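A.B. asks: Pasting work.csv below, which is CSV, C-alpha atoms and all ligand atoms.
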```csv
chain,number,residue,atom,x,y,z
A,1,MET,CA,56.1,189.8,-49.5
A,2,THR,CA,56.4,191.2,-53.1
A,3,LYS,CA,55.9,194.9,-53.2
A,4,THR,CA,53.1,196.2,-55.4
A,5,ARG,CA,54.0,199.1,-57.7
A,6,ALA,CA,52.0,201.3,-60.0
A,7,VAL,CA,52.9,200.8,-63.6
A,8,ILE,CA,51.9,202.7,-66.7
A,9,THR,CA,50.0,200.3,-69.0
A,10,GLY,CA,49.0,202.8,-71.8
A,11,VAL,CA,49.1,206.3,-73.1
A,12,GLY,CA,46.6,208.4,-75.1
A,13,ALA,CA,46.7,212.0,-76.3
A,14,TYR,CA,44.8,214.7,-78.2
A,15,LEU,CA,46.2,217.5,-80.2
A,16,PRO,CA,44.1,220.3,-81.7
A,17,GLU,CA,44.5,220.5,-85.4
A,18,TYR,CA,45.3,224.2,-85.8
A,19,ARG,CA,49.1,224.9,-86.0
A,20,LEU,CA,50.2,228.4,-84.9
A,21,THR,CA,53.5,228.8,-86.6
A,22,ASN,CA,56.3,231.3,-85.8
A,23,ASP,CA,55.7,233.0,-89.1
A,24,GLU,CA,52.1,233.7,-88.1
A,25,LEU,CA,53.1,234.8,-84.7
A,26,SER,CA,55.6,237.3,-86.3
A,27,LYS,CA,52.6,239.0,-87.9
A,28,MET,CA,50.8,239.3,-84.5
A,29,VAL,CA,53.7,240.6,-82.4
A,30,ASP,CA,57.3,241.9,-82.9
A,31,THR,CA,59.1,238.6,-83.0
A,32,SER,CA,60.8,236.2,-85.5
A,33,ASP,CA,61.2,232.5,-86.2
A,34,GLU,CA,65.0,233.1,-85.7
A,35,TRP,CA,64.5,234.6,-82.2
A,36,ILE,CA,62.0,231.9,-81.1
A,37,MET,CA,64.1,229.0,-82.4
A,38,LYS,CA,67.3,230.3,-80.9
A,39,ARG,CA,65.9,231.3,-77.4
A,40,ILE,CA,63.2,228.7,-76.9
A,41,GLY,CA,63.3,226.0,-79.7
A,42,ILE,CA,59.7,226.1,-80.8
A,43,LYS,CA,58.6,226.0,-84.4
A,44,GLU,CA,54.8,225.7,-84.0
A,45,ARG,CA,52.2,225.0,-81.4
A,46,ARG,CA,48.6,223.6,-81.6
A,47,ILE,CA,45.7,225.8,-80.7
A,48,LEU,CA,42.1,224.7,-79.8
A,49,LYS,CA,40.1,227.0,-82.0
A,50,GLU,CA,36.7,225.4,-82.0
A,51,GLU,CA,33.9,227.5,-80.4
A,52,GLY,CA,32.6,226.1,-77.2
A,53,LYS,CA,35.5,223.6,-76.7
A,54,ALA,CA,37.7,223.6,-73.6
A,55,THR,CA,40.3,221.7,-71.7
A,56,SER,CA,37.9,218.9,-70.8
A,57,ASP,CA,37.2,218.2,-74.5
A,58,MET,CA,40.9,217.7,-75.3
A,59,ALA,CA,41.3,215.6,-72.1
A,60,ALA,CA,38.2,213.5,-72.9
A,61,GLU,CA,39.6,212.6,-76.4
A,62,ALA,CA,42.9,211.6,-74.8
A,63,VAL,CA,41.2,209.4,-72.3
A,64,LYS,CA,39.0,207.8,-74.9
A,65,GLU,CA,42.0,206.9,-77.0
A,66,LEU,CA,43.7,205.5,-73.8
A,67,LEU,CA,40.6,203.4,-72.9
A,68,LYS,CA,40.5,202.1,-76.5
A,69,LYS,CA,44.2,201.3,-76.7
A,70,THR,CA,44.2,199.5,-73.3
A,71,ASP,CA,40.8,197.8,-74.0
A,72,THR,CA,39.5,199.2,-70.7
A,73,PRO,CA,35.7,199.8,-70.2
A,74,PRO,CA,35.1,203.1,-68.5
A,75,SER,CA,33.2,201.2,-65.7
A,76,GLU,CA,36.5,199.7,-64.6
A,77,ILE,CA,38.2,203.0,-63.8
A,78,ASP,CA,38.4,203.7,-60.0
A,79,LEU,CA,39.8,207.2,-60.1
A,80,LEU,CA,40.7,209.9,-62.6
A,81,ILE,CA,43.0,212.8,-61.7
A,82,CYS,CA,43.4,215.8,-64.0
A,83,ALA,CA,46.4,218.0,-63.8
A,84,THR,CA,45.5,221.4,-65.2
A,85,ILE,CA,45.8,225.2,-64.6
A,86,THR,CA,43.2,225.9,-67.2
A,87,PRO,CA,40.1,224.2,-65.8
A,88,ASP,CA,36.9,224.6,-67.9
A,89,MET,CA,35.6,226.7,-65.0
A,90,PRO,CA,36.7,227.5,-61.4
A,91,PHE,CA,34.4,224.7,-60.2
A,92,PRO,CA,33.4,221.9,-60.5
A,93,ALA,CA,36.7,220.1,-61.1
A,94,THR,CA,37.6,219.5,-64.8
A,95,ALA,CA,38.3,215.9,-63.9
A,96,ASN,CA,34.6,215.4,-63.1
A,97,ILE,CA,33.6,216.9,-66.5
A,98,ILE,CA,36.1,214.6,-68.3
A,99,ALA,CA,34.8,211.6,-66.4
A,100,ASP,CA,31.2,212.4,-67.5
A,101,LYS,CA,32.3,212.9,-71.1
A,102,VAL,CA,34.0,209.5,-71.3
A,103,GLY,CA,31.3,207.6,-69.4
A,104,ILE,CA,33.2,207.1,-66.1
A,105,HIS,CA,30.5,207.1,-63.5
A,106,ASN,CA,30.3,206.1,-59.8
A,107,SER,CA,34.1,206.6,-59.4
A,108,TRP,CA,36.2,209.4,-57.8
A,109,SER,CA,37.9,212.3,-59.6
A,110,PHE,CA,39.6,215.5,-58.8
A,111,ASP,CA,42.0,218.2,-60.2
A,112,MET,CA,45.6,218.9,-59.3
A,113,ASN,CA,47.0,222.4,-59.7
A,114,ALA,CA,50.8,222.2,-60.0
A,115,ALA,CA,51.3,223.9,-63.4
A,116,CYS,CA,54.1,222.4,-65.4
A,117,SER,CA,54.9,219.9,-62.7
A,118,GLY,CA,51.3,218.9,-62.6
A,119,PHE,CA,51.8,215.5,-64.4
A,120,ILE,CA,54.6,214.4,-62.1
A,121,PHE,CA,52.8,215.5,-59.0
A,122,THR,CA,49.7,213.8,-60.1
A,123,LEU,CA,51.4,210.6,-61.1
A,124,ALA,CA,53.1,210.5,-57.7
A,125,THR,CA,49.7,211.0,-56.0
A,126,ALA,CA,48.0,208.3,-58.1
A,127,THR,CA,50.7,205.9,-57.3
A,128,GLN,CA,49.7,205.9,-53.6
A,129,PHE,CA,46.2,204.5,-54.4
A,130,ILE,CA,47.7,201.6,-56.4
A,131,GLU,CA,50.5,200.8,-54.0
A,132,SER,CA,48.2,200.7,-51.1
A,133,GLY,CA,46.0,198.2,-52.9
A,134,ARG,CA,42.9,200.5,-52.7
A,135,TYR,CA,42.5,200.9,-56.5
A,136,LYS,CA,43.3,198.8,-59.5
A,137,LYS,CA,42.9,201.3,-62.4
A,138,VAL,CA,43.7,205.0,-62.1
A,139,ILE,CA,43.9,207.5,-65.0
A,140,VAL,CA,46.2,210.5,-64.8
A,141,VAL,CA,45.5,213.1,-67.4
A,142,GLY,CA,47.6,216.3,-68.0
A,143,ALA,CA,45.6,218.8,-70.0
A,144,ASP,CA,45.9,222.5,-70.7
A,145,MET,CA,44.3,225.0,-73.0
A,146,MET,CA,47.0,227.6,-72.5
A,147,SER,CA,45.6,229.7,-75.4
A,148,SER,CA,42.7,230.6,-73.1
A,149,ILE,CA,45.1,232.5,-70.7
A,150,ILE,CA,47.7,233.8,-73.1
A,151,ASN,CA,47.9,237.5,-74.2
A,152,TYR,CA,48.6,237.3,-77.9
A,153,ASN,CA,49.8,240.9,-77.8
A,154,ASP,CA,52.6,240.0,-75.4
A,155,ARG,CA,55.7,238.7,-77.3
A,156,THR,CA,57.4,237.6,-74.1
A,157,THR,CA,54.8,234.9,-73.4
A,158,CYS,CA,52.8,234.2,-76.5
A,159,PRO,CA,55.4,232.2,-78.4
A,160,LEU,CA,55.9,229.8,-75.5
A,161,PHE,CA,52.7,227.9,-75.0
A,162,GLY,CA,50.3,225.5,-76.8
A,163,ASP,CA,47.2,223.4,-76.2
A,164,ALA,CA,47.1,219.6,-75.7
A,165,ALA,CA,46.0,216.8,-73.5
A,166,ALA,CA,47.6,213.4,-72.7
A,167,ALA,CA,46.7,210.6,-70.3
A,168,VAL,CA,48.2,207.4,-68.8
A,169,LEU,CA,46.6,204.4,-67.2
A,170,LEU,CA,48.1,203.1,-64.0
A,171,GLU,CA,47.7,199.6,-62.8
A,172,PRO,CA,49.3,197.4,-60.1
A,173,THR,CA,52.2,195.1,-60.8
A,174,THR,CA,54.4,192.8,-58.7
A,175,GLU,CA,57.1,192.7,-61.5
A,176,ASP,CA,60.2,194.9,-61.2
A,177,LEU,CA,58.4,197.6,-63.2
A,178,GLY,CA,56.5,200.9,-62.7
A,179,ILE,CA,57.0,204.0,-60.5
A,180,VAL,CA,60.0,203.4,-58.3
A,181,ASP,CA,60.5,206.8,-56.6
A,182,TYR,CA,59.9,210.5,-56.9
A,183,ILE,CA,61.1,213.8,-55.5
A,184,ASN,CA,58.6,216.6,-55.5
A,185,ARG,CA,59.3,220.2,-54.2
A,186,VAL,CA,57.6,223.5,-54.0
A,187,ASP,CA,58.7,227.1,-53.1
A,188,GLY,CA,55.7,229.4,-52.7
A,189,LEU,CA,57.9,232.5,-52.9
A,190,GLY,CA,58.3,231.7,-56.6
A,191,ARG,CA,54.6,232.6,-57.1
A,192,HIS,CA,55.7,236.3,-57.6
A,193,HIS,CA,57.5,235.4,-60.8
A,194,LEU,CA,54.9,233.4,-62.6
A,195,HIS,CA,51.1,233.6,-62.1
A,196,MET,CA,47.8,234.9,-63.3
A,197,LYS,CA,46.8,238.0,-61.3
A,198,ALA,CA,43.0,238.0,-61.5
A,199,GLY,CA,40.1,235.7,-61.6
A,200,GLY,CA,40.6,234.3,-58.1
A,201,SER,CA,39.4,235.4,-54.6
A,202,LEU,CA,42.3,237.9,-54.3
A,203,LEU,CA,41.2,239.8,-57.4
A,204,PRO,CA,37.9,238.7,-58.8
A,205,ALA,CA,37.1,239.4,-62.4
A,206,SER,CA,35.9,243.0,-63.0
A,207,THR,CA,36.0,245.5,-65.8
A,208,GLU,CA,39.1,246.9,-64.2
A,209,THR,CA,41.0,243.5,-64.3
A,210,ILE,CA,40.0,243.0,-67.9
A,211,LYS,CA,41.1,246.5,-68.8
A,212,ASN,CA,44.5,245.9,-67.0
A,213,GLU,CA,44.9,242.6,-68.9
A,214,GLN,CA,45.2,240.7,-65.6
A,215,HIS,CA,43.6,237.4,-66.8
A,216,PHE,CA,46.7,236.3,-68.7
A,217,VAL,CA,49.9,234.5,-67.8
A,218,TYR,CA,52.3,236.9,-66.1
A,219,GLN,CA,55.9,235.7,-66.3
A,220,GLU,CA,59.3,237.2,-65.4
A,221,GLY,CA,61.1,235.0,-67.9
A,222,GLN,CA,64.7,235.3,-66.7
A,223,ALA,CA,63.9,234.7,-63.0
A,224,VAL,CA,61.9,231.6,-64.0
A,225,PHE,CA,64.6,230.4,-66.4
A,226,LYS,CA,67.3,230.7,-63.7
A,227,ALA,CA,65.2,228.7,-61.2
A,228,ALA,CA,64.1,226.1,-63.7
A,229,VAL,CA,67.6,225.4,-65.0
A,230,SER,CA,69.0,224.7,-61.6
A,231,SER,CA,66.0,223.1,-59.8
A,232,MET,CA,65.0,220.7,-62.6
A,233,ALA,CA,68.5,219.4,-63.0
A,234,ASP,CA,69.0,219.2,-59.2
A,235,VAL,CA,66.1,216.8,-58.6
A,236,ALA,CA,66.9,214.7,-61.7
A,237,VAL,CA,70.5,214.2,-60.4
A,238,GLU,CA,69.3,213.7,-56.9
A,239,ILE,CA,67.0,210.8,-57.9
A,240,MET,CA,69.8,209.2,-60.0
A,241,ASP,CA,72.1,209.4,-56.9
A,242,ARG,CA,69.5,208.0,-54.6
A,243,HIS,CA,69.2,204.9,-56.8
A,244,ASN,CA,72.9,204.7,-57.8
A,245,LEU,CA,72.0,205.2,-61.4
A,246,SER,CA,74.7,206.3,-63.9
A,247,SER,CA,73.8,207.9,-67.2
A,248,ASP,CA,74.5,204.4,-68.8
A,249,ASP,CA,71.6,203.0,-66.7
A,250,ILE,CA,69.1,205.5,-68.0
A,251,ALA,CA,67.3,204.7,-71.2
A,252,TRP,CA,65.4,208.0,-71.5
A,253,LEU,CA,65.0,211.4,-69.9
A,254,VAL,CA,61.4,212.7,-70.4
A,255,PRO,CA,61.7,216.4,-69.5
A,256,HIS,CA,59.0,219.1,-69.3
A,257,GLN,CA,59.1,221.0,-72.6
A,258,ALA,CA,59.4,224.7,-71.7
A,259,ASN,CA,62.6,225.7,-73.3
A,260,LEU,CA,65.2,223.7,-75.2
A,261,ARG,CA,68.0,225.4,-73.3
A,262,ILE,CA,66.5,224.2,-70.0
A,263,ILE,CA,66.2,220.6,-71.4
A,264,ASP,CA,69.8,220.6,-72.6
A,265,ALA,CA,71.1,222.0,-69.3
A,266,THR,CA,69.3,219.2,-67.4
A,267,ALA,CA,70.6,216.5,-69.7
A,268,ARG,CA,74.1,217.9,-69.4
A,269,ARG,CA,74.0,217.8,-65.6
A,270,MET,CA,72.8,214.2,-65.8
A,271,ASN,CA,75.7,213.5,-68.1
A,272,LEU,CA,73.2,212.1,-70.6
A,273,ASN,CA,73.7,211.8,-74.3
A,274,PRO,CA,71.2,214.0,-76.2
A,275,ASP,CA,69.8,211.0,-78.1
A,276,LYS,CA,68.4,209.7,-74.8
A,277,VAL,CA,66.3,212.8,-74.3
A,278,PHE,CA,62.7,213.0,-75.6
A,279,VAL,CA,62.2,216.4,-77.2
A,280,ASN,CA,59.0,217.5,-79.1
A,281,ILE,CA,58.9,221.2,-78.0
A,282,GLN,CA,59.5,222.2,-81.7
A,283,LYS,CA,56.1,220.8,-82.6
A,284,TYR,CA,53.9,221.6,-79.7
A,285,GLY,CA,55.6,224.2,-77.5
A,286,ASN,CA,54.9,224.2,-73.7
A,287,THR,CA,51.6,222.5,-73.1
A,288,THR,CA,52.0,222.8,-69.3
A,289,ALA,CA,50.6,219.7,-67.6
A,290,ALA,CA,50.5,217.8,-70.9
A,291,THR,CA,54.1,217.9,-72.0
A,292,ILE,CA,55.5,214.8,-70.3
A,293,PRO,CA,52.6,212.4,-71.1
A,294,LEU,CA,52.6,213.9,-74.7
A,295,CYS,CA,56.2,212.9,-75.0
A,296,LEU,CA,55.5,209.4,-73.8
A,297,TRP,CA,52.7,209.2,-76.4
A,298,ASP,CA,54.8,210.7,-79.2
A,299,PHE,CA,57.8,208.4,-78.5
A,300,GLU,CA,55.9,205.3,-77.3
A,301,LYS,CA,57.3,203.1,-80.0
A,302,LYS,CA,60.9,203.7,-78.7
A,303,LEU,CA,60.0,202.6,-75.2
A,304,LYS,CA,60.9,199.0,-74.2
A,305,LYS,CA,59.7,197.0,-71.2
A,306,GLY,CA,62.0,197.6,-68.3
A,307,ASP,CA,63.6,200.8,-69.6
A,308,ASN,CA,64.8,203.1,-66.8
A,309,ILE,CA,63.1,206.5,-67.4
A,310,ILE,CA,63.5,209.8,-65.5
A,311,LEU,CA,60.8,212.4,-65.7
A,312,ALA,CA,61.7,215.9,-64.7
A,313,ALA,CA,59.7,219.2,-64.6
A,314,PHE,CA,59.7,222.7,-63.3
A,315,GLY,CA,56.8,225.2,-63.2
A,316,ALA,CA,54.7,227.9,-61.6
A,317,GLY,CA,54.4,227.8,-57.9
A,318,PHE,CA,57.3,227.3,-58.0
A,319,THR,CA,56.9,223.6,-58.3
A,320,TRP,CA,59.5,221.0,-59.5
A,321,GLY,CA,60.0,217.3,-59.4
A,322,SER,CA,61.6,214.2,-60.8
A,323,LEU,CA,60.2,210.7,-61.0
A,324,TYR,CA,62.0,207.4,-61.7
A,325,LEU,CA,60.0,204.7,-63.4
A,326,LYS,CA,60.6,201.4,-65.2
A,327,TRP,CA,58.5,201.2,-68.4
A,328,GLY,CA,55.8,198.5,-68.3
A,329,TYR,CA,55.3,197.2,-71.8
A,330,ASN,CA,56.5,196.9,-75.4
A,331,THR,CA,54.4,198.6,-78.0
A,332,LYS,CA,52.9,196.2,-80.6
B,1,LIG,O1,57.1,226.0,-67.9
B,1,LIG,C1,56.8,227.0,-67.0
B,1,LIG,C2,58.1,227.6,-66.6
B,1,LIG,N1,58.5,228.6,-67.6
B,1,LIG,C3,59.7,228.5,-68.1
B,1,LIG,O2,60.4,227.6,-67.9
B,1,LIG,C4,60.2,229.7,-69.0
B,1,LIG,C5,61.5,230.2,-68.5
B,1,LIG,N2,62.0,231.3,-69.3
B,1,LIG,C6,62.4,231.3,-70.5
B,1,LIG,O3,62.3,230.2,-71.2
B,1,LIG,C7,63.0,232.5,-71.1
B,1,LIG,O4,63.3,233.4,-70.1
B,1,LIG,C8,62.2,233.2,-72.2
B,1,LIG,C9,62.1,232.3,-73.4
B,1,LIG,C10,60.8,233.5,-71.7
B,1,LIG,C11,62.8,234.5,-72.6
B,1,LIG,O5,64.2,234.2,-73.1
B,1,LIG,P1,65.4,235.1,-72.5
B,1,LIG,O6,66.6,234.6,-73.2
B,1,LIG,O7,65.4,235.0,-71.1
B,1,LIG,O8,65.0,236.5,-73.0
B,1,LIG,P2,64.9,237.8,-72.1
B,1,LIG,O9,63.6,237.8,-71.4
B,1,LIG,O10,66.2,238.1,-71.4
B,1,LIG,O11,64.8,238.9,-73.3
B,1,LIG,C12,65.9,239.3,-74.1
B,1,LIG,C13,65.4,240.2,-75.2
B,1,LIG,C14,64.7,241.4,-74.6
B,1,LIG,O12,65.0,242.6,-75.3
B,1,LIG,P3,66.1,243.6,-74.8
B,1,LIG,O13,65.5,244.1,-73.5
B,1,LIG,O14,67.3,242.9,-74.6
B,1,LIG,O15,66.1,244.7,-75.9
B,1,LIG,C15,63.2,241.1,-74.8
B,1,LIG,O16,62.4,242.2,-74.9
B,1,LIG,O17,64.6,239.6,-76.1
B,1,LIG,C16,63.3,240.4,-76.2
B,1,LIG,N3,62.2,239.5,-76.4
B,1,LIG,C17,61.9,239.1,-77.7
B,1,LIG,N4,62.4,239.4,-78.9
B,1,LIG,C18,61.8,238.8,-80.0
B,1,LIG,C19,61.4,238.8,-75.6
B,1,LIG,N5,60.6,238.1,-76.2
B,1,LIG,C20,60.8,238.2,-77.5
B,1,LIG,C21,60.3,237.7,-78.7
B,1,LIG,N6,60.8,238.0,-79.9
B,1,LIG,N7,59.2,236.8,-78.6
```
So, in terms of structure tokens, how does the structure I just supplied come out?
C.D. replies:
Amino acid sequence: MTKTRAVITGVGAYLPEYRLTNDELSKMVDTSDEWIMKRIGIKERRILKEEGKATSDMAAEAVKELLKKTDTPPSEIDLLICATITPDMPFPATANIIADKVGIHNSWSFDMNAACSGFIFTLATATQFIESGRYKKVIVVGADMMSSIINYNDRTTCPLFGDAAAAVLLEPTTEDLGIVDYINRVDGLGRHHLHMKAGGSLLPASTETIKNEQHFVYQEGQAVFKAAVSSMADVAVEIMDRHNLSSDDIAWLVPHQANLRIIDATARRMNLNPDKVFVNIQKYGNTTAATIPLCLWDFEKKLKKGDNIILAAFGAGFTWGSLYLKWGYNTK
């Protein structure tokens, strides 16, 4: 019997218009374009500035574009999963709000909290529903409004992050295409190095938590960097070995965009030529769950049906993962 796989059949994205440049950041905190470019590789990031807009608004725009591009009526969507760490509100799930905003009713939706690995973890989850035959059309959206949890007085975190949303449609195929395999890992001990201290049940919001600036991203940069460099490359190489893939067999590496040095280190461990690596960190920064689908969207025209692609990510949790897929279509 031919195995059914889940294949990506379209991508959509949304980027807020406002560009926060390194020069503007240099007026807000003690930093410089030179430092940010040398240590991270970011030139500018997009920020959602419109009053009353949130993660679901960006995600809804990304999903609308996806539905239009794939000519899919909202009524045909069986499930929508949203990867985010910046939900509109603690509950209900942002996925439900997105579904409502795009006209997806009478279907199922939920959120996934895996920070920068959110898209890979969610894609792996969504794959199960397609492979099992239960569902025919599943949307995976990665969306984060990082500007809502960034302290723009903290130079160690504010240059890193941006806002964006991007979505893919997954459908069944019996061709030799789609999601082949994945390796997903977590280490809860890593939570101490990267988290948001307040706003949950451990430390509910209070005047004290606001005064202590505990509603922002807390990151011990070097500890996270060290773990990211080794773990992201480890799983990328592991999935290559598992499928006997050499660097020649791989068309593209689509890495999470947190730091150009982490991306370069991963590509080097995979023995990959830099021209096989998708990089757009200079334009958008780290958009957390959105980076990988945003890369697929940004470079969609380069992708050819059957291309072997490796996705790789590392993020808060700690979470990390790699996913091996064969691209499903040629862009018209
Ligand atoms: O996607 C989620 C996972 N997150 C990541 O993958 C991020 C991983 N970490 C990193 O990418 C890097 O650690 C950072 C980009 C956050 C920091 O780069 P670094 O090379 O590790 O710098 P550092 O923290 O060791 O700081 C070096 C120096 C320090 O000054 P002193 O103590 O040497 O005088 C910092 O205070 O750079 C200083 N510094 C800055 N200087 C100018 C830190 N941030 C800035 C800044 N501008 N924005």
A.B. asks: Name all residues at most 10 Å from Ala223 (chain A) (count all atoms listed in the file; drop same-chain ones fewer than 5 positions away) and give them as a list in words.
C.D. replies: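 Near neighbours after the sequence-gap exclusion: Gly190, His192, His193, Leu194 and Ala228 of chain A.
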A.B. asks: Write the residues of the preceding selection, restricted to C-alpha atoms, as a PDB file, in the coordinates of the input.
C.D. replies:
```pdb
ATOM      1  CA  GLY A 190      58.300 231.700 -56.600  1.00  0.00           C
ATOM      2  CA  HIS A 192      55.700 236.300 -57.600  1.00  0.00           C
ATOM      3  CA  HIS A 193      57.500 235.400 -60.800  1.00  0.00           C
ATOM      4  CA  LEU A 194      54.900 233.400 -62.600  1.00  0.00           C
ATOM      5  CA  ALA A 228      64.100 226.100 -63.700  1.00  0.00           C
TER       6      ALA A 228
END
```
A.B. asks: Which of these residues is nearest to Cys116 (chain A), using only C-alpha atoms: A:Pro90, A:Gly142, A:Gly285, A:Pro274?
C.D. replies: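 Of A:Pro90, A:Gly142, A:Gly285, A:Pro274, the one nearest Cys116 (chain A), counting only C-alpha atoms, is A:Gly142.
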A.B. asks: My list of candidates is A:Leu177, A:Ile310, A:Cys158, A:Ala13. Which is closest to ligand LIG 1 (chain B) when distances are computed with all atoms listed in the file?
C.D. replies: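 Using all atoms listed in the file, ligand LIG 1 (chain B) sits closest to A:Cys158.
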A.B. asks: Compare A:His215, A:Lys101, A:Lys197, A:Arg155 by their minimum atom-to-atom distance to ligand LIG 1 (chain B), counting all atoms listed in the file, and give me the closest one.
C.D. replies: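 For ligand LIG 1 (chain B), the nearest of the given residues is A:Arg155.
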A.B. asks: Got a sec to check which residues lie within 6 Å of ligand LIG 1 (chain B), using all atoms listed in the file, and send them as a ChimeraX atom specification?
C.D. replies: /A:31-32,35,39-40,116,155-156,159,221-222,224-225,228,258-259,315-316
A.B. asks: Can you tell me how far CA of Gln219 (chain A) sits from CA of Leu25 (chain A), in Å to one decimal?
C.D. replies: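 Separation between CA of Gln219 (chain A) and CA of Leu25 (chain A): 18.6 Å.
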A.B. asks: One number please: CA of Ile149 (chain A) to CA of His195 (chain A), in Å, one decimal.
C.D. replies: 10.5 Å
A.B. asks: Could you please determine the separation between CA of Glu213 (chain A) and CA of Gly118 (chain A) in Å, to one decimal place?
C.D. replies: 25.3 Å
A.B. asks: Every residue with an atom at most 10 Å from (58.4, 221.9, -51.7) (file coordinates; all atoms listed in the file) is what I'm after, so could you write them as a PDB file with C-alpha atoms, in the frame of the given file?
C.D. replies:
```
ATOM      1  CA  ILE A 183      61.100 213.800 -55.500  1.00  0.00           C
ATOM      2  CA  ASN A 184      58.600 216.600 -55.500  1.00  0.00           C
ATOM      3  CA  ARG A 185      59.300 220.200 -54.200  1.00  0.00           C
ATOM      4  CA  VAL A 186      57.600 223.500 -54.000  1.00  0.00           C
ATOM      5  CA  ASP A 187      58.700 227.100 -53.100  1.00  0.00           C
ATOM      6  CA  GLY A 188      55.700 229.400 -52.700  1.00  0.00           C
ATOM      7  CA  GLY A 317      54.400 227.800 -57.900  1.00  0.00           C
ATOM      8  CA  PHE A 318      57.300 227.300 -58.000  1.00  0.00           C
ATOM      9  CA  THR A 319      56.900 223.600 -58.300  1.00  0.00           C
ATOM     10  CA  TRP A 320      59.500 221.000 -59.500  1.00  0.00           C
ATOM     11  CA  GLY A 321      60.000 217.300 -59.400  1.00  0.00           C
TER      12      GLY A 321
END
```
A.B. asks: Name the residues in contact with Lys332 (chain A) at a cut-off of 12 Å, using all atoms listed in the file, excluding same-chain residues fewer than 6 positions from it; report them as a list in words.
C.D. replies: Gly10, Lys69, Thr70, Glu300, Lys301, Lys302, Leu303, Lys304 and Lys305 of chain A
A.B. asks: Please produce an output containing C-alpha atoms for each residue in the selection, written as a CSV table (one decimal), keeping the file's coordinate frame.
C.D. replies:
```csv
chain,number,residue,atom,x,y,z
A,10,GLY,CA,49.0,202.8,-71.8
A,69,LYS,CA,44.2,201.3,-76.7
A,70,THR,CA,44.2,199.5,-73.3
A,300,GLU,CA,55.9,205.3,-77.3
A,301,LYS,CA,57.3,203.1,-80.0
A,302,LYS,CA,60.9,203.7,-78.7
A,303,LEU,CA,60.0,202.6,-75.2
A,304,LYS,CA,60.9,199.0,-74.2
A,305,LYS,CA,59.7,197.0,-71.2
```
A.B. asks: Which one of A:Trp297, A:Trp108, A:Tyr182, A:Phe91 sits closest to Thr125 (chain A) if you count all atoms listed in the file?
C.D. replies: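 Closest candidate: A:Tyr182.
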A.B. asks: With only C-alpha atoms as the counted atoms, please give the residues lying no more than 7 Å from Val11 (chain A), apart from itself and same-chain residues fewer than 5 positions off, as a list in words.
C.D. replies: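 The contact residues come out as Leu66, Ala167, Val168, Leu169 and Trp297 of chain A.
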A.B. asks: With only C-alpha atoms as the atoms that count, which of A:Arg261, A:Thr94, A:Tyr14, A:Leu296 lies nearest to Ile81 (chain A)?
C.D. replies: A:Thr94
A.B. asks: Between A:Asp248, A:Asp154, A:Asp163, A:Glu171, which has the minimum distance to Glu76 (chain A) (counting all atoms listed in the file)?
C.D. replies: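 Among A:Asp248, A:Asp154, A:Asp163, A:Glu171, it is A:Glu171 that comes nearest to Glu76 (chain A).
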